[in-house]
Amino acid sequence: MTRRGAVLGAVLLALVTGCSTVPTSTPVVEITQAPPRADSPVGIEPLSPEAGATPEEVVRGFLDAAASTVRGHPVAREHLAPEPRGSWSDDAGITLLGADYATVTTDAGTVVVTGELVGTIDQRGGFTVDGQEVYSREFRLEQVDGEWRISDPPDGLLMLEPDFERLYEQRDLYFLDPTGQRFVPDPRYLITGEAQPTVLVERLLAGPSAVLAAGVRNELEGAALGSTVTVSAQAVTVDVTGVADATPTRLAGLSAQLVWTLGQLPSVRSVEVLVDGDPLTLDGVPAVQTVDTWTALDPDAAPVDAVGHYLVDGALWTATDAPAPAPGPAGTGVYGLSSAAVATDPSTGELTQMVGVTQRDGQATLLTGPYDGDLTPVLPSGSLTVPTVAPARQEFWVVRDGSTVVRVAGGGPPQAVNAVTLPGLGRATALQLSPDGVRAAVVVEDGQRRSLHVGTVVRSDDGPVALRDWREVAPALGQVVDVAWRTSGSLLVLAGDAGEERTVPYLVDVDGWDLSPVPTAGLPSQATQVAAAPERPPLVSAGGTIWEWQVAGGTWVTLVRGQQPQPGTEPFYPG
């Protein structure tokens with residue numbers, strides 16, 4: 001799909017009849033029905049404890065029983081002593097362990113469980129990767145009618161990662177960026193076989209995850225379900241209440257959130273939104289909506305002209321089937337650029353503004369100007385990271401001297417970003433803004449470790465822009481070199497392989513889930529820089545040449561098929 005951020009802005013502006021504000025507090029959200037869970041077994045169900053089972057067998061059986069999809073986990077409770085059996089809560093979140101865990105009896109009736117701590121799932125379905133490598137917990141057991149039973153189970157589920165992958169699916173909740181021009185995905189994990197339309201709507205009503213909340217708009221805030229979510233064939237009907245006085249702009253936004261969130265389900269093709277039982281009517285919006293109704297909000301749509309770029313001996317080049325210097329002085333090499341970034345016009349997709357970094361006499365300078373015009377210096381520094389673009393704003397960000405985040409917007413003077421907690425993570429060596437402009441990925445160096453963190457961009461009408469709420473998303477990678485956004489919800493990371501002395505690319509979701517290596521077949525040597533963008537093939541620089549990822553073949557190829565590699569470094573995509 002083609003990005004049309006300004007089209008949405010026009011749609012919403014056309015619907016405005018009054019001012020809308022974003023509430024600063026979160027009211028109580030009324031839920032009219034509990035998230036349903038299957039009453040009958042689905043898939044592989046665990047077994048009750050056998051007579052005469054040892055303490056270790058009972059503990060292992062309790063972990064296996066966490067993989068049940070039956071409401072209340074009755075089989076898991078059979079492994080518990082009478083007192084905790086009635087008080088144990090199975091809905092207090094999930095702790096994920098690696099498949100290879102150990103149980104050791106340390107004393108009569110005491111078993112210690114140790115294993116890899118993968119992460120946790122909170123009560124709202126959000127995943128947090130854990131920076132610790134080892135989980136360890138002591139389970140105490142007692143005799144009940146001659147059988148060992150657990151007397152102190154942890155609240156929530158202790159589940160093995162393979163069981164979680166088999167039983168749960170990742171779904172995104174969609175919230176709006178502060179401009180109302182793009183969606184921002186917020187990943188959650190739902191049980192396969194649950195009534196997912198109902199659960200997704202309830203999760204939307206409950207709002208964004210804590211780390212994302214300050215950076216997005218939720219037009220459903222304060223709303224509630226007026227009646228049960230209904231599903232007929234491939235159509236979903238959602239009746240919301242509490243928004244009778246909402247402006248058309250807000251009603252359009254909440255409709256779009258519902259449609260995109262529900263539209264990702266294979267079983268859903270269309271959504272009808274009711275307000276207090278009556279069909280919602282908005283100018284230019286059909287009564288029965290689909291994802292196509294709101295394509296302008298797509299966070300992963302790419303600008304038409306957003307082809308890859310890279311540098312050749314300080315000159316800006318385009319990574320097309322016929323590589324050539326970019327237009328204007330930057331393409332001639334006159335500035336001797338060491339890195340660059342290009343912004344697009346949100347309404348047309350045309351390349352309009354650019355910045356570049358030059359390195360001379362131990363000093364770095366940020367230059368800015370038209371894409372095909374003259375560049376002027378705006379920011380001198382001891383060091384500057386590779387610049388990045390805030391989409392839909394034509395705004396460029398860099399990190400100055402490893403700790404100070406600076407933005408340059410609309411040809412104006414540099415402005416500091418409030419990122420007071422960033423220096424506590426280490427020295428920033430790379431910063432890249434997400435395609436929706438609400439998240440930032442940063443590589444920080446702390447001693448011998450280089451780690452990857454994601455923060456949230458917070459904007460307000462009466463205060464400075466802030467970058468905060470950092471979380472490490474790939475703690476298994478301790479030698480991160482570079483990072484780029486593959487989509488608005490996933491990252492392409494270049495990092496050292498702990499098992500071998502080499503640098504390889506990885507893919508990882510924005511919450512840290514599903515870290516997986518990308519094959520390096522076809523590359524002449526180790527990659528040194530990486531570039532990515534939605535709907536575009538990833539690029540890397542390896543051995544001073546530019547390579548493109550061919551998804552179909554699963555290999556890296558030259559820019560021009562069958563031709564020699566194109567010299568170049570510092571690849572990037574416009575934002």
# chains A, B, ... in the order shown; residues from 1 in each chain; ligands from 1
>>> select_by_dssp(residues="region 81-207 of chain A", states="alpha helix (DSSP H)", output="list in words")
Pro82, Glu83, Pro84, Arg85, Gly86, Ser87, Glu161, Pro162, Asp163, Phe164, Glu165, Arg166, Leu167, Gln196, Pro197, Thr198, Val199, Leu200, Val201, Glu202, Arg203, Leu204, Leu205 and Ala206 of chain A
>>> residues_around(residues="Thr352 (chain A)", least_positions_apart="2", cutoff="8 Å", atoms="only C-alpha atoms", output="list in words")
Val342, Ala343, Thr344, Asp345, Glu350, Met354, Pro370, Tyr371 and Asp372 of chain A
>>> write_last_selection(atoms="N, CA and C atoms", output="compact mmCIF listing (two decimals), in the first residue's frame")
# COMPACT_ATOMS: atom_id res chain seq x y z
N VAL A 342 17.22 11.34 4.60
CA VAL A 342 16.35 12.08 3.68
C VAL A 342 14.91 11.96 4.16
N ALA A 343 14.18 13.07 4.11
CA ALA A 343 12.77 13.09 4.51
C ALA A 343 11.88 13.21 3.29
N THR A 344 10.66 12.69 3.41
CA THR A 344 9.69 12.76 2.33
C THR A 344 8.53 13.66 2.73
N ASP A 345 7.86 14.22 1.74
CA ASP A 345 6.64 14.99 1.96
C ASP A 345 5.51 14.02 2.24
N GLU A 350 7.19 12.63 -2.08
CA GLU A 350 8.40 13.10 -2.76
C GLU A 350 9.52 13.36 -1.75
N MET A 354 16.93 16.96 3.43
CA MET A 354 17.95 15.99 3.81
C MET A 354 18.92 16.62 4.82
N PRO A 370 17.60 21.39 1.18
CA PRO A 370 16.74 20.65 0.25
C PRO A 370 17.44 19.39 -0.27
N TYR A 371 16.65 18.40 -0.64
CA TYR A 371 17.22 17.13 -1.11
C TYR A 371 18.14 17.34 -2.30
N ASP A 372 17.78 18.23 -3.22
CA ASP A 372 18.60 18.44 -4.41
C ASP A 372 19.26 19.82 -4.42
>>> closest_residue(among="A:Thr69, A:Gly568, A:Gly146, A:Gln264", to="Tyr168 (chain A)", atoms="only C-alpha atoms")
A:Thr69
>>> residues_around(residues="region 531-537 of chain A", least_positions_apart="4", cutoff="8 Å", atoms="only C-alpha atoms", output="list of chain:residue names")
A:Asp300, A:Ala301, A:Ala302, A:Pro435, A:Val483, A:Ala484, A:Trp485, A:Arg486, A:Thr487, A:Ser488, A:Leu492, A:Glu548, A:Trp549, A:Gln550, A:Val551, A:Pro571, A:Phe572, A:Tyr573
>>> select_by_dssp(residues="region 138-250 of chain A", states="strand (DSSP E or B)", output="VMD selection string")
chain A and resid 138 to 144 147 to 150 157 to 160 168 to 176 183 to 191 217 224 to 225 230 to 232 235 to 241
>>> atom_distance(atom1="CA of Arg450 (chain A)", atom2="CA of Ser381 (chain A)")
22.4 Å
>>> residues_around(residues="Gly575 (chain A)", least_positions_apart="5", cutoff="10 Å", atoms="only C-alpha atoms", output="list in words")
Ala302, Pro303, Ala306, Ala341, Val342, Ala343, Thr344, Asp345, Pro346, Gly349, Leu351, Thr388, Val389, Ala390, Pro391, Ala392, Arg393, Gln394, Glu395, Phe396, Leu433, Ser434, Pro435, Asp436, Gly437 and Ala533 of chain A
>>> write_last_selection(atoms="N, CA, C and O atoms", output="short mmCIF file (atom, residue, chain, number, x, y, z; two decimals), in the first residue's frame")
data_model
loop_
_atom_site.label_atom_id
_atom_site.label_comp_id
_atom_site.auth_asym_id
_atom_site.auth_seq_id
_atom_site.Cartn_x
_atom_site.Cartn_y
_atom_site.Cartn_z
N ALA A 302 4.94 2.54 2.38
CA ALA A 302 6.19 3.21 2.00
C ALA A 302 5.94 4.31 0.99
O ALA A 302 5.11 4.16 0.08
N PRO A 303 6.62 5.46 1.12
CA PRO A 303 6.51 6.52 0.11
C PRO A 303 6.96 6.01 -1.26
O PRO A 303 7.88 5.20 -1.36
N ALA A 306 10.68 6.51 -2.01
CA ALA A 306 11.60 6.16 -0.92
C ALA A 306 12.49 4.99 -1.30
O ALA A 306 12.43 3.91 -0.70
N ALA A 341 20.57 11.38 5.87
CA ALA A 341 19.17 10.95 5.98
C ALA A 341 18.33 11.87 5.11
O ALA A 341 18.68 13.04 4.90
N VAL A 342 17.22 11.34 4.60
CA VAL A 342 16.35 12.08 3.68
C VAL A 342 14.91 11.96 4.16
O VAL A 342 14.47 10.87 4.56
N ALA A 343 14.18 13.07 4.11
CA ALA A 343 12.77 13.09 4.51
C ALA A 343 11.88 13.21 3.29
O ALA A 343 12.28 13.77 2.26
N THR A 344 10.66 12.69 3.41
CA THR A 344 9.69 12.76 2.33
C THR A 344 8.53 13.66 2.73
O THR A 344 8.22 13.83 3.91
N ASP A 345 7.86 14.22 1.74
CA ASP A 345 6.64 14.99 1.96
C ASP A 345 5.51 14.02 2.24
O ASP A 345 5.21 13.16 1.40
N PRO A 346 4.85 14.11 3.41
CA PRO A 346 3.81 13.14 3.74
C PRO A 346 2.64 13.13 2.75
O PRO A 346 1.99 12.10 2.56
N GLY A 349 4.80 12.03 -0.97
CA GLY A 349 5.80 10.97 -0.98
C GLY A 349 7.09 11.38 -1.65
O GLY A 349 8.03 10.58 -1.75
N LEU A 351 10.75 13.18 -2.19
CA LEU A 351 11.91 13.46 -1.36
C LEU A 351 12.12 14.98 -1.33
O LEU A 351 12.22 15.61 -2.38
N THR A 388 18.52 10.27 11.68
CA THR A 388 17.30 9.51 11.41
C THR A 388 16.14 10.49 11.25
O THR A 388 16.23 11.64 11.70
N VAL A 389 15.06 10.04 10.63
CA VAL A 389 13.94 10.92 10.28
C VAL A 389 12.71 10.58 11.12
O VAL A 389 12.38 9.40 11.31
N ALA A 390 12.04 11.62 11.62
CA ALA A 390 10.72 11.46 12.24
C ALA A 390 9.68 11.55 11.12
O ALA A 390 9.44 12.65 10.60
N PRO A 391 9.09 10.44 10.70
CA PRO A 391 8.17 10.45 9.56
C PRO A 391 6.99 11.40 9.79
O PRO A 391 6.57 11.64 10.91
N ALA A 392 6.47 11.92 8.71
CA ALA A 392 5.32 12.82 8.69
C ALA A 392 5.64 14.19 9.28
O ALA A 392 4.77 15.05 9.33
N ARG A 393 6.88 14.41 9.72
CA ARG A 393 7.23 15.70 10.32
C ARG A 393 8.41 16.38 9.62
O ARG A 393 8.72 17.51 9.92
N GLN A 394 9.08 15.68 8.73
CA GLN A 394 10.30 16.20 8.11
C GLN A 394 11.23 16.75 9.18
O GLN A 394 11.73 17.87 9.11
N GLU A 395 11.47 15.91 10.15
CA GLU A 395 12.27 16.26 11.33
C GLU A 395 13.40 15.26 11.46
O GLU A 395 13.16 14.05 11.39
N PHE A 396 14.62 15.73 11.67
CA PHE A 396 15.79 14.87 11.75
C PHE A 396 16.30 14.83 13.19
O PHE A 396 16.34 15.85 13.88
N LEU A 433 14.56 6.20 14.47
CA LEU A 433 13.14 6.35 14.78
C LEU A 433 12.31 5.37 13.97
O LEU A 433 12.64 5.05 12.82
N SER A 434 11.22 4.90 14.56
CA SER A 434 10.34 3.93 13.90
C SER A 434 9.56 4.58 12.77
O SER A 434 9.42 5.81 12.70
N PRO A 435 8.99 3.78 11.85
CA PRO A 435 8.22 4.34 10.73
C PRO A 435 7.03 5.18 11.18
O PRO A 435 6.59 6.06 10.45
N ASP A 436 6.48 4.89 12.37
CA ASP A 436 5.37 5.71 12.87
C ASP A 436 5.86 6.90 13.68
O ASP A 436 5.06 7.76 14.09
N GLY A 437 7.15 6.98 13.96
CA GLY A 437 7.72 8.11 14.66
C GLY A 437 7.51 8.14 16.15
O GLY A 437 7.89 9.11 16.82
N ALA A 533 13.31 -0.78 5.77
CA ALA A 533 12.09 0.03 5.77
C ALA A 533 10.94 -0.88 5.36
O ALA A 533 11.15 -1.89 4.68
#
>>> atom_distance(atom1="CA of Thr545 (chain A)", atom2="CA of Gln566 (chain A)")
5.4 Å
>>> residues_around(residues="Ala235 (chain A)", least_positions_apart="4", cutoff="7 Å", atoms="only C-alpha atoms", output="list in words")
Val231, Val268, Arg269, Ser270 and Val271 of chain A
>>> atom_distance(atom1="CA of Pro414 (chain A)", atom2="CA of Ser338 (chain A)")
19.6 Å
>>> residues_around(residues="region 149-166 of chain A", least_positions_apart="3", cutoff="8 Å", atoms="only C-alpha atoms", output="PyMOL selection string")
chain A and resi 55+58-59+63-64+66-67+79-81+83-84+88-99+118+139-144+169
